[in-house]
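The structure file run_3.cif is reproduced below (mmCIF, C-alpha atoms (C1' of nucleotides)).
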```cif
data_data
loop_
_atom_site.label_atom_id
_atom_site.label_comp_id
_atom_site.auth_asym_id
_atom_site.auth_seq_id
_atom_site.Cartn_x
_atom_site.Cartn_y
_atom_site.Cartn_z
CA MET A 454 0.00 0.00 0.00
CA LYS A 455 1.33 3.38 -0.98
CA LYS A 456 2.06 5.80 1.79
CA SER A 457 -0.09 8.84 1.17
CA LEU A 458 1.53 12.24 1.04
CA PRO A 459 0.91 14.64 3.88
CA THR A 460 -2.02 16.92 3.25
CA ALA A 461 -1.36 20.56 2.48
CA LEU A 462 -2.66 21.32 5.93
CA THR A 463 -0.22 19.10 7.80
CA LEU A 464 2.60 20.22 5.54
CA LEU A 465 2.01 23.82 6.58
CA ARG A 466 1.58 22.99 10.27
CA THR A 467 4.69 20.83 10.30
CA HIS A 468 6.69 23.77 9.09
CA GLY A 469 5.18 26.16 11.59
CA LEU A 470 3.32 28.22 9.05
CA LYS A 471 -0.02 29.84 9.60
CA VAL A 472 -2.71 28.14 7.61
CA THR A 473 -4.24 30.44 5.02
CA ASN A 474 -6.33 29.92 1.92
CA ILE A 475 -3.66 30.73 -0.64
CA ARG A 476 -1.08 28.56 1.06
CA ILE A 477 -3.45 25.61 1.06
CA ALA A 478 -4.46 26.34 -2.51
CA ILE A 479 -0.94 26.65 -3.88
CA VAL A 480 0.38 23.56 -2.12
CA THR A 481 -2.63 21.60 -3.32
CA LEU A 482 -2.18 22.84 -6.86
CA LEU A 483 1.45 21.73 -6.87
CA GLN A 484 0.56 18.39 -5.33
CA LYS A 485 -1.80 17.72 -8.19
CA ALA A 486 0.55 19.01 -10.88
CA THR A 487 2.56 16.49 -12.88
CA ALA A 488 5.17 19.08 -13.82
CA PRO A 489 6.46 22.37 -12.41
CA ARG A 490 4.35 25.48 -12.78
CA THR A 491 5.58 28.98 -13.44
CA ALA A 492 4.87 31.68 -10.88
CA GLU A 493 2.73 33.47 -13.44
CA GLU A 494 0.61 30.36 -14.11
CA ILE A 495 0.10 29.88 -10.41
CA ALA A 496 -0.78 33.52 -9.85
CA ARG A 497 -3.24 33.38 -12.73
CA GLN A 498 -5.02 30.34 -11.32
CA MET A 499 -5.19 31.96 -7.90
CA ARG A 500 -6.64 35.21 -9.17
CA ARG A 501 -9.97 34.57 -7.46
CA ILE A 502 -8.36 33.71 -4.16
CA ALA A 503 -5.43 36.08 -3.88
CA ASP A 504 -3.47 38.95 -5.32
CA THR A 505 -0.43 38.37 -7.51
CA ALA A 506 1.90 39.87 -4.92
CA THR A 507 0.53 37.50 -2.34
CA CYS A 508 1.18 34.53 -4.60
CA TYR A 509 4.77 35.54 -5.08
CA ARG A 510 5.15 36.08 -1.35
CA THR A 511 3.58 32.70 -0.66
CA LEU A 512 5.84 30.96 -3.14
CA ARG A 513 8.82 32.56 -1.49
CA THR A 514 7.67 31.49 1.96
CA LEU A 515 7.04 27.93 0.84
CA THR A 516 10.44 27.87 -0.85
CA ASP A 517 12.18 29.19 2.25
CA LYS A 518 10.58 26.45 4.30
CA GLY A 519 11.64 23.86 1.77
CA ILE A 520 8.11 22.78 0.98
CA VAL A 521 8.45 23.75 -2.65
CA THR A 522 11.52 24.09 -4.85
CA LYS A 523 12.24 26.95 -7.17
CA LEU A 524 13.55 26.07 -10.61
CA SER A 525 15.00 28.05 -13.50
CA LEU A 526 13.59 26.13 -16.43
CA PHE A 527 12.94 29.20 -18.51
CA GLU A 528 15.27 32.09 -19.02
CA ASP A 529 13.06 34.76 -17.66
CA LYS A 530 10.59 33.25 -15.25
CA ALA A 531 10.76 30.98 -12.25
CA SER A 532 8.98 27.63 -11.93
CA PHE A 533 7.95 25.83 -8.79
CA ALA A 534 7.43 22.22 -7.85
CA LEU A 535 6.74 20.36 -4.66
CA THR A 536 10.04 19.46 -3.05
CA ASP A 537 9.11 15.93 -2.07
CA THR A 538 8.63 14.57 -5.54
CA PRO A 539 11.96 12.82 -6.01
CA SER A 540 11.16 11.41 -9.40
CA HIS A 541 10.52 14.87 -10.77
CA ALA A 542 13.85 16.37 -9.94
CA HIS A 543 14.88 16.88 -13.56
CA TYR A 544 13.12 17.81 -16.75
CA VAL A 545 13.04 17.96 -20.49
CA VAL A 546 11.73 21.25 -21.75
CA CYS A 547 10.35 21.82 -25.23
CA THR A 548 11.71 25.14 -26.34
CA HIS A 549 8.83 25.63 -28.73
CA CYS A 550 5.67 24.91 -26.77
CA GLN A 551 7.33 25.09 -23.35
CA THR A 552 5.99 21.74 -22.31
CA ILE A 553 7.85 20.33 -19.35
CA GLU A 554 8.29 16.62 -18.90
CA PRO A 555 9.82 15.12 -15.79
CA ILE A 556 12.59 12.56 -16.25
CA THR A 557 14.06 10.08 -13.85
CA LEU A 558 17.61 10.21 -15.12
CA CYS A 559 19.98 11.59 -12.54
CA LEU A 560 23.64 11.76 -11.79
CA LYS A 561 25.45 8.92 -10.16
CA ASN A 562 26.15 9.61 -6.54
CA ALA A 563 29.75 8.77 -7.18
CA ASP A 564 30.04 11.64 -9.60
CA ILE A 565 28.53 14.04 -7.16
CA GLN A 566 30.82 12.89 -4.37
CA ALA A 567 33.83 13.38 -6.58
CA LEU A 568 32.68 16.87 -7.34
CA HIS A 569 32.33 17.72 -3.69
CA LYS A 570 35.89 16.70 -3.01
CA ALA A 571 37.53 18.14 -6.06
CA LYS A 572 36.35 21.68 -5.88
CA LYS A 573 36.71 24.74 -3.76
CA PHE A 574 33.27 24.19 -2.36
CA THR A 575 32.47 22.98 1.11
CA ALA A 576 28.81 22.46 0.62
CA VAL A 577 27.18 21.68 -2.68
CA ARG A 578 23.57 22.02 -1.73
CA SER A 579 21.71 21.27 -4.92
CA HIS A 580 22.05 20.76 -8.60
CA ALA A 581 19.93 21.43 -11.60
CA LEU A 582 19.83 19.27 -14.67
CA SER A 583 17.60 20.17 -17.54
CA PHE A 584 17.39 19.18 -21.16
CA PHE A 585 16.14 21.43 -23.90
CA GLY A 586 14.82 20.33 -27.22
CA THR A 587 11.83 19.92 -29.45
CA CYS A 588 9.01 17.56 -28.61
CA LYS A 589 7.56 15.32 -31.31
CA LYS A 590 4.38 17.31 -31.50
CA CYS A 591 6.24 20.52 -32.26
CA ALA A 592 8.65 18.74 -34.57
CA ARG A 593 5.68 17.73 -36.72
CA ALA A 594 4.17 21.19 -36.65
CA ILE A 595 7.35 23.02 -37.56
CA PRO A 596 8.42 23.21 -41.22
CA MET B 266 51.19 22.29 -30.06
CA LYS B 267 47.78 23.60 -29.18
CA LYS B 268 45.54 24.71 -32.00
CA SER B 269 44.77 28.38 -31.42
CA LEU B 270 41.19 29.53 -31.27
CA PRO B 271 39.82 31.58 -34.13
CA THR B 272 40.15 35.29 -33.56
CA ALA B 273 37.05 37.32 -32.80
CA LEU B 274 37.36 38.73 -36.30
CA THR B 275 37.30 35.40 -38.08
CA LEU B 276 34.58 34.14 -35.80
CA LEU B 277 32.34 37.01 -36.85
CA ARG B 278 33.20 36.72 -40.54
CA THR B 279 32.67 32.96 -40.55
CA HIS B 280 29.15 33.53 -39.32
CA GLY B 281 28.40 36.23 -41.85
CA LEU B 282 28.20 39.03 -39.33
CA LYS B 283 29.30 42.56 -39.93
CA VAL B 284 32.39 43.39 -37.97
CA THR B 285 31.77 46.13 -35.43
CA ASN B 286 33.59 47.35 -32.38
CA ILE B 287 31.18 45.97 -29.77
CA ARG B 288 31.03 42.59 -31.43
CA ILE B 289 34.78 42.32 -31.45
CA ALA B 290 34.97 43.60 -27.90
CA ILE B 291 32.35 41.25 -26.47
CA VAL B 292 33.71 38.17 -28.21
CA THR B 293 37.21 39.05 -27.05
CA LEU B 294 36.02 39.61 -23.51
CA LEU B 295 34.37 36.19 -23.44
CA GLN B 296 37.40 34.56 -24.98
CA LYS B 297 39.53 35.88 -22.16
CA ALA B 298 37.02 35.05 -19.43
CA THR B 299 37.52 31.92 -17.40
CA ALA B 300 33.86 31.73 -16.43
CA PRO B 301 30.56 33.01 -17.83
CA ARG B 302 29.72 36.68 -17.49
CA THR B 303 26.32 38.18 -16.83
CA ALA B 304 24.80 40.52 -19.39
CA GLU B 305 24.99 43.31 -16.89
CA GLU B 306 28.71 42.77 -16.25
CA ILE B 307 29.36 42.77 -19.94
CA ALA B 308 27.29 45.89 -20.52
CA ARG B 309 29.10 47.63 -17.70
CA GLN B 310 32.51 46.84 -19.13
CA MET B 311 31.39 48.02 -22.54
CA ARG B 312 30.04 51.32 -21.29
CA ARG B 313 32.74 53.30 -23.06
CA ILE B 314 32.23 51.51 -26.33
CA ALA B 315 28.52 50.94 -26.57
CA ASP B 316 25.09 51.49 -25.12
CA THR B 317 23.46 48.90 -22.87
CA ALA B 318 20.76 48.17 -25.41
CA THR B 319 23.39 47.54 -28.03
CA CYS B 320 25.17 45.08 -25.75
CA TYR B 321 21.97 43.14 -25.22
CA ARG B 322 21.29 43.17 -28.94
CA THR B 323 24.82 42.02 -29.65
CA LEU B 324 24.59 39.21 -27.12
CA ARG B 325 21.37 38.08 -28.73
CA THR B 326 22.89 38.15 -32.19
CA LEU B 327 25.94 36.20 -31.07
CA THR B 328 23.70 33.71 -29.32
CA ASP B 329 21.50 33.28 -32.39
CA LYS B 330 24.58 32.58 -34.46
CA GLY B 331 25.78 30.05 -31.92
CA ILE B 332 28.98 31.93 -31.20
CA VAL B 333 28.08 32.38 -27.56
CA THR B 334 25.78 30.38 -25.30
CA LYS B 335 23.22 31.84 -22.97
CA LEU B 336 23.01 30.31 -19.51
CA SER B 337 20.60 30.59 -16.62
CA LEU B 338 23.00 30.37 -13.73
CA PHE B 339 21.21 32.98 -11.64
CA GLU B 340 17.51 33.21 -11.10
CA ASP B 341 17.07 36.66 -12.46
CA LYS B 342 19.83 37.42 -14.92
CA ALA B 343 21.34 35.72 -17.92
CA SER B 344 24.97 34.75 -18.26
CA PHE B 345 26.96 34.24 -21.42
CA ALA B 346 29.96 32.14 -22.37
CA LEU B 347 31.75 31.35 -25.56
CA THR B 348 30.14 28.29 -27.12
CA ASP B 349 33.37 26.57 -28.12
CA THR B 350 34.75 26.06 -24.67
CA PRO B 351 33.84 22.41 -24.17
CA SER B 352 35.47 22.07 -20.80
CA HIS B 353 33.40 24.91 -19.42
CA ALA B 354 30.02 23.49 -20.22
CA HIS B 355 28.96 23.08 -16.59
CA TYR B 356 29.46 25.06 -13.42
CA VAL B 357 29.42 25.25 -9.68
CA VAL B 358 27.89 28.47 -8.46
CA CYS B 359 28.39 29.90 -4.99
CA THR B 360 25.03 31.18 -3.92
CA HIS B 361 26.63 33.66 -1.55
CA CYS B 362 29.30 35.48 -3.53
CA GLN B 363 28.05 34.35 -6.93
CA THR B 364 31.43 33.04 -7.94
CA ILE B 365 31.18 30.68 -10.87
CA GLU B 366 33.62 27.85 -11.30
CA PRO B 367 33.68 25.65 -14.39
CA ILE B 368 33.70 21.88 -13.89
CA THR B 369 34.54 19.08 -16.25
CA LEU B 370 32.04 16.56 -14.94
CA CYS B 371 29.41 15.71 -17.53
CA LEU B 372 26.83 13.11 -18.28
CA LYS B 373 27.71 9.84 -19.87
CA ASN B 374 26.74 9.75 -23.48
CA ALA B 375 24.91 6.53 -22.81
CA ASP B 376 22.61 8.29 -20.42
CA ILE B 377 21.86 11.00 -22.91
CA GLN B 378 21.16 8.50 -25.65
CA ALA B 379 18.77 6.63 -23.41
CA LEU B 380 16.99 9.86 -22.72
CA HIS B 381 16.59 10.64 -26.39
CA LYS B 382 14.92 7.32 -27.00
CA ALA B 383 12.76 7.14 -23.96
CA LYS B 384 10.97 10.41 -24.20
CA LYS B 385 8.52 12.19 -26.40
CA PHE B 386 11.28 14.32 -27.79
CA THR B 387 12.73 14.08 -31.25
CA ALA B 388 15.60 16.44 -30.75
CA VAL B 389 17.24 17.12 -27.46
CA ARG B 390 19.43 20.01 -28.42
CA SER B 391 21.19 20.91 -25.23
CA HIS B 392 21.32 20.34 -21.55
CA ALA B 393 22.23 22.42 -18.56
CA LEU B 394 23.88 21.06 -15.47
CA SER B 395 24.70 23.35 -12.62
CA PHE B 396 25.57 22.89 -9.00
CA PHE B 397 24.76 25.36 -6.29
CA GLY B 398 26.45 25.63 -2.96
CA THR B 399 28.79 27.58 -0.75
CA CYS B 400 32.44 28.05 -1.60
CA LYS B 401 35.06 27.63 1.12
CA LYS B 402 35.76 31.33 1.26
CA CYS B 403 32.14 32.15 2.01
CA ALA B 404 31.81 29.19 4.37
CA ARG B 405 34.56 30.72 6.48
CA ALA B 406 33.08 34.19 6.35
CA ILE B 407 29.58 33.12 7.29
CA PRO B 408 28.71 32.52 10.99
"C1'" DC C 883 32.90 56.58 -53.84
"C1'" DT C 884 28.18 55.65 -53.36
"C1'" DC C 885 24.35 53.01 -51.94
"C1'" DT C 886 21.72 50.14 -48.78
"C1'" DA C 887 20.73 46.85 -45.35
"C1'" DG C 888 21.88 46.29 -41.11
"C1'" DA C 889 23.78 48.36 -36.62
"C1'" DT C 890 23.58 51.89 -33.03
"C1'" DG C 891 22.07 55.44 -29.42
"C1'" DC C 892 18.64 57.25 -26.74
"C1'" DA C 893 14.46 57.24 -24.41
"C1'" DA C 894 10.49 54.99 -23.41
"C1'" DA C 895 8.15 50.50 -22.88
"C1'" DT C 896 7.66 45.82 -21.04
"C1'" DC C 897 7.77 41.83 -18.05
"C1'" DA C 898 8.55 39.37 -14.00
"C1'" DT C 899 9.01 40.16 -9.38
"C1'" DT C 900 9.28 42.98 -5.06
"C1'" DT C 901 8.01 46.38 -1.59
"C1'" DG C 902 5.63 50.10 1.44
"C1'" DC C 903 1.83 50.71 4.05
"C1'" DA C 904 -2.59 50.45 5.98
"C1'" DA C 905 -6.18 47.04 6.69
"C1'" DT C 906 -7.20 42.10 8.06
"C1'" DA C 907 -7.06 37.60 9.86
"C1'" DA C 908 -4.70 33.48 12.19
"C1'" DT C 909 -2.97 31.74 16.41
"C1'" DA C 910 -1.72 32.29 21.49
"C1'" DC C 911 -3.44 33.42 25.79
"C1'" DT C 912 -6.87 34.62 29.32
"C1'" DA D 183 -15.48 32.25 23.45
"C1'" DG D 184 -12.95 36.99 23.56
"C1'" DT D 185 -9.04 39.60 22.86
"C1'" DA D 186 -4.17 40.81 22.09
"C1'" DT D 187 -0.24 40.07 19.13
"C1'" DT D 188 1.91 39.44 15.06
"C1'" DA D 189 2.03 37.60 10.60
"C1'" DT D 190 -0.51 37.96 6.26
"C1'" DT D 191 -2.94 40.35 2.59
"C1'" DG D 192 -4.37 43.84 -1.03
"C1'" DC D 193 -3.35 47.58 -3.68
"C1'" DA D 194 -0.47 50.65 -5.88
"C1'" DA D 195 3.85 52.05 -6.84
"C1'" DA D 196 8.84 50.73 -7.29
"C1'" DT D 197 12.50 47.93 -9.15
"C1'" DG D 198 15.65 45.54 -12.16
"C1'" DA D 199 16.64 43.12 -16.21
"C1'" DT D 200 15.82 43.19 -20.85
"C1'" DT D 201 13.49 44.90 -25.14
"C1'" DT D 202 11.77 48.11 -28.59
"C1'" DG D 203 10.62 52.34 -31.65
"C1'" DC D 204 12.69 55.41 -34.31
"C1'" DA D 205 15.91 58.48 -36.32
"C1'" DT D 206 20.76 58.35 -37.36
"C1'" DC D 207 24.96 56.22 -38.71
"C1'" DT D 208 28.20 52.89 -40.78
"C1'" DA D 209 30.16 48.34 -42.68
"C1'" DG D 210 30.61 46.16 -46.73
"C1'" DA D 211 28.87 45.26 -51.63
"C1'" DG D 212 29.37 47.00 -56.13
#
```

Just dump the structure as C-alpha cells.
Amino acid sequence: MKKSLPTALTLLRTHGLKVTNIRIAIVTLLQKATAPRTAEEIARQMRRIADTATCYRTLRTLTDKGIVTKLSLFEDKASFALTDTPSHAHYVVCTHCQTIEPITLCLKNADIQALHKAKKFTAVRSHALSFFGTCKKCARAIP
Amino acid sequence: MKKSLPTALTLLRTHGLKVTNIRIAIVTLLQKATAPRTAEEIARQMRRIADTATCYRTLRTLTDKGIVTKLSLFEDKASFALTDTPSHAHYVVCTHCQTIEPITLCLKNADIQALHKAKKFTAVRSHALSFFGTCKKCARAIP
DNA sequence: CTCTAGATGCAAATCATTTGCAATAATACT
DNA sequence: AGTATTATTGCAAATGATTTGCATCTAGAG
C-alpha cells in the first residue's frame, strides 16, 4: 500500500506556518501538478483567491521552508514544484511549446561525491539538470 | 602544439556578421574570461564603447549565431559564455558570492542516448547542469 | 565613392518580481 | 469564546533586467 503524502494542511503545520487559503491552494495545486508550474501560471489560477503579490510572497515562503523548490527552467521566469517529488527532480523542456516533462535520469552519486571533493566548495547544496529540445508534437508542426 | 582559437574577427566573418567594435569587444572579452559573465557585467565593461541596449542586442545576435551560449545560472539574470569552450560546459555556483567555477564533470553519453529514445522528444538540443552551494571562502566568512 | 541593409544610441516601454503601508485575519493566551 | 499580538494580505507604486521604436549612422557590396 502506498504511503499517502501529507495533506497541504499538515505540511504547513509541520513547518510552523499559519494556515491560510492561498497557502493551502498553492500547495494543493502543486501536489496535483505532474510538472512544475511557473509563478505566473500559479498567480493566474489563484486570481480569485489572492493577489499576484501574495502569490509571489507565498511561493517565497514555501520555498524558504523547503516545501516547494524553485527552478529556472525558462530564461526569464521561475517555476515551482513540490520538493518531495523525487522522481521529478529533472526535466526535459520543449523550447517551442514550453511543455515540461519530468525525467528520472539523474547523476550517479559517485560523480557528485567526486565533485564535492575536487572543488573549492564545502557544501554543494543542490544541482539542476535540464534538457532542452523539441518535442515530437512541435517537430511535426514546424516546417 | 595547441591549435589556437579563431580570432574574434574570423569568428564574426565565418558567421556572416558585420564586424563592429562591440562585437569584437564582447567576443574578445568572453574569450579571455575563465567563467561566464552576466549581461549586466558585460554591458558595464562596454560602457565606453557601446550602449546597454546595443550590448543586449549584440549578445542576442551572437547567441543566435551560436557563437556564444546563454546560460541561466542565476535566477534573475542571464549569463553568457563562448560556445566553443567544451570544458566549461557546466558550473558550480556559490550562492553567496556568486562566484562561478567551471567543472569538467558531464553526463555519460549513454545516459543521454537513453533519454533521447525514452521520451517524447525528437531532438534534445542541449542540456544544462549546474551545482549550487557555498564556496570555502564564504563558508569561512559566514557565521 | 556611393548606396543600402543592417547596426547603433537614446528614451520609453515591457515583463517578471518585489516592496511600502494600511487594513485584516490566524494563532496564542486569558 | 474573547481579545491581544503578530504575521498575512491587497493595492499601488517601485525595481531591475531586458526589449523596442525610431531616427541616425556605418560596414561592406558593387

message: Near chain B, meaning an atom within 6 Å, which residues of chain A appear when counting all atoms listed in the file? Write them as a PyMOL selection string.
response: chain A and resi 573-589

Output of the PyMOL selection byres ((chain C) within 9 of (chain A)), listed as number ranges by chain: C: 897-900, 908-909

task: Just say which residues the PyMOL selection byres ((chain D) within 9 of (chain A)) picks in this file, as a list in words.
output: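 So the PyMOL selection byres ((chain D) within 9 of (chain A)) ends up selecting DA189, DT190, DT191, DG192 and DC193 of chain D.
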
Transformed chain A, reference chain B, in-order C-alpha pairing, as a CSV table (one decimal) with C-alpha atoms, keeping the file's coordinate frame:
```csv
chain,number,residue,atom,x,y,z
A,454,MET,CA,51.4,22.5,-30.2
A,455,LYS,CA,48.0,23.8,-29.3
A,456,LYS,CA,45.7,24.9,-32.0
A,457,SER,CA,44.9,28.5,-31.4
A,458,LEU,CA,41.3,29.6,-31.3
A,459,PRO,CA,39.9,31.7,-34.2
A,460,THR,CA,40.2,35.4,-33.6
A,461,ALA,CA,37.1,37.4,-32.8
A,462,LEU,CA,37.4,38.8,-36.3
A,463,THR,CA,37.4,35.5,-38.1
A,464,LEU,CA,34.7,34.2,-35.8
A,465,LEU,CA,32.4,37.1,-36.9
A,466,ARG,CA,33.3,36.8,-40.6
A,467,THR,CA,32.8,33.0,-40.6
A,468,HIS,CA,29.3,33.5,-39.4
A,469,GLY,CA,28.5,36.2,-41.9
A,470,LEU,CA,28.3,39.0,-39.4
A,471,LYS,CA,29.3,42.6,-40.0
A,472,VAL,CA,32.4,43.4,-38.0
A,473,THR,CA,31.8,46.2,-35.4
A,474,ASN,CA,33.6,47.4,-32.3
A,475,ILE,CA,31.2,46.0,-29.8
A,476,ARG,CA,31.0,42.6,-31.4
A,477,ILE,CA,34.8,42.3,-31.4
A,478,ALA,CA,35.0,43.6,-27.9
A,479,ILE,CA,32.4,41.3,-26.5
A,480,VAL,CA,33.8,38.2,-28.2
A,481,THR,CA,37.2,39.1,-27.0
A,482,LEU,CA,36.0,39.6,-23.5
A,483,LEU,CA,34.4,36.2,-23.4
A,484,GLN,CA,37.5,34.6,-25.0
A,485,LYS,CA,39.6,35.9,-22.1
A,486,ALA,CA,37.0,35.1,-19.4
A,487,THR,CA,37.5,31.9,-17.4
A,488,ALA,CA,33.9,31.7,-16.4
A,489,PRO,CA,30.6,33.0,-17.8
A,490,ARG,CA,29.7,36.7,-17.5
A,491,THR,CA,26.3,38.1,-16.9
A,492,ALA,CA,24.8,40.4,-19.4
A,493,GLU,CA,24.9,43.3,-16.9
A,494,GLU,CA,28.6,42.7,-16.2
A,495,ILE,CA,29.3,42.7,-19.9
A,496,ALA,CA,27.2,45.8,-20.5
A,497,ARG,CA,29.0,47.6,-17.7
A,498,GLN,CA,32.4,46.8,-19.1
A,499,MET,CA,31.3,48.0,-22.5
A,500,ARG,CA,29.9,51.3,-21.3
A,501,ARG,CA,32.6,53.3,-23.0
A,502,ILE,CA,32.2,51.5,-26.3
A,503,ALA,CA,28.4,50.9,-26.6
A,504,ASP,CA,25.0,51.4,-25.1
A,505,THR,CA,23.4,48.8,-22.9
A,506,ALA,CA,20.7,48.1,-25.5
A,507,THR,CA,23.4,47.5,-28.0
A,508,CYS,CA,25.1,45.0,-25.8
A,509,TYR,CA,22.0,43.1,-25.2
A,510,ARG,CA,21.3,43.1,-29.0
A,511,THR,CA,24.8,42.0,-29.7
A,512,LEU,CA,24.6,39.2,-27.2
A,513,ARG,CA,21.4,38.0,-28.8
A,514,THR,CA,23.0,38.1,-32.2
A,515,LEU,CA,26.0,36.2,-31.1
A,516,THR,CA,23.8,33.7,-29.4
A,517,ASP,CA,21.6,33.2,-32.5
A,518,LYS,CA,24.7,32.5,-34.5
A,519,GLY,CA,25.9,30.0,-32.0
A,520,ILE,CA,29.1,31.9,-31.2
A,521,VAL,CA,28.2,32.4,-27.6
A,522,THR,CA,25.8,30.3,-25.4
A,523,LYS,CA,23.3,31.8,-23.0
A,524,LEU,CA,23.0,30.2,-19.6
A,525,SER,CA,20.6,30.5,-16.7
A,526,LEU,CA,23.0,30.3,-13.8
A,527,PHE,CA,21.2,32.9,-11.7
A,528,GLU,CA,17.5,33.1,-11.2
A,529,ASP,CA,17.0,36.6,-12.6
A,530,LYS,CA,19.8,37.3,-15.0
A,531,ALA,CA,21.3,35.6,-18.0
A,532,SER,CA,25.0,34.7,-18.3
A,533,PHE,CA,27.0,34.2,-21.5
A,534,ALA,CA,30.0,32.1,-22.4
A,535,LEU,CA,31.8,31.4,-25.6
A,536,THR,CA,30.3,28.3,-27.2
A,537,ASP,CA,33.5,26.6,-28.1
A,538,THR,CA,34.8,26.1,-24.7
A,539,PRO,CA,33.9,22.4,-24.2
A,540,SER,CA,35.5,22.1,-20.8
A,541,HIS,CA,33.4,24.9,-19.4
A,542,ALA,CA,30.0,23.5,-20.2
A,543,HIS,CA,28.9,23.1,-16.6
A,544,TYR,CA,29.5,25.1,-13.4
A,545,VAL,CA,29.4,25.3,-9.7
A,546,VAL,CA,27.9,28.5,-8.4
A,547,CYS,CA,28.4,29.9,-5.0
A,548,THR,CA,25.0,31.1,-3.9
A,549,HIS,CA,26.6,33.6,-1.5
A,550,CYS,CA,29.3,35.4,-3.5
A,551,GLN,CA,28.0,34.3,-6.9
A,552,THR,CA,31.4,33.0,-8.0
A,553,ILE,CA,31.2,30.7,-10.9
A,554,GLU,CA,33.6,27.8,-11.3
A,555,PRO,CA,33.7,25.7,-14.4
A,556,ILE,CA,33.7,21.9,-13.9
A,557,THR,CA,34.5,19.1,-16.3
A,558,LEU,CA,32.0,16.6,-15.0
A,559,CYS,CA,29.4,15.7,-17.5
A,560,LEU,CA,26.8,13.2,-18.2
A,561,LYS,CA,27.7,9.9,-19.8
A,562,ASN,CA,26.7,9.8,-23.5
A,563,ALA,CA,24.8,6.6,-22.8
A,564,ASP,CA,22.5,8.3,-20.4
A,565,ILE,CA,21.8,11.0,-22.8
A,566,GLN,CA,21.1,8.5,-25.6
A,567,ALA,CA,18.7,6.7,-23.3
A,568,LEU,CA,16.9,9.9,-22.6
A,569,HIS,CA,16.5,10.7,-26.3
A,570,LYS,CA,14.8,7.4,-26.9
A,571,ALA,CA,12.7,7.2,-23.8
A,572,LYS,CA,10.9,10.4,-24.1
A,573,LYS,CA,8.4,12.2,-26.2
A,574,PHE,CA,11.1,14.3,-27.6
A,575,THR,CA,12.5,14.1,-31.1
A,576,ALA,CA,15.4,16.4,-30.6
A,577,VAL,CA,17.0,17.1,-27.4
A,578,ARG,CA,19.2,20.0,-28.3
A,579,SER,CA,21.0,20.9,-25.2
A,580,HIS,CA,21.2,20.4,-21.5
A,581,ALA,CA,22.2,22.4,-18.5
A,582,LEU,CA,23.8,21.1,-15.4
A,583,SER,CA,24.7,23.3,-12.6
A,584,PHE,CA,25.6,22.9,-9.0
A,585,PHE,CA,24.8,25.3,-6.3
A,586,GLY,CA,26.5,25.6,-2.9
A,587,THR,CA,28.8,27.6,-0.7
A,588,CYS,CA,32.5,28.0,-1.6
A,589,LYS,CA,35.1,27.6,1.1
A,590,LYS,CA,35.8,31.3,1.2
A,591,CYS,CA,32.2,32.1,2.0
A,592,ALA,CA,31.9,29.2,4.3
A,593,ARG,CA,34.6,30.7,6.5
A,594,ALA,CA,33.1,34.1,6.4
A,595,ILE,CA,29.6,33.0,7.3
A,596,PRO,CA,28.7,32.4,11.0
```

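You will find CA of Phe533 in chain A at 20.6 Å from CA of Gly469 in chain A.
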
task: List the residues selected by the PyMOL selection byres ((chain C and resi 886) around 10) in the file shown, writing them as a ChimeraX atom specification.
output: /C:884-885,887-888 /D:210-211

- request: Quote the spacing between C1' of DG198 in chain D and CA of Leu512 in chain A in Å to one decimal place.
  value: 19.8 Å

field: Between C1' of DC903 in chain C and CA of Thr516 in chain A, distance in Å (one decimal)
entry: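 Going from C1' of DC903 in chain C over to CA of Thr516 in chain A covers 24.9 Å.
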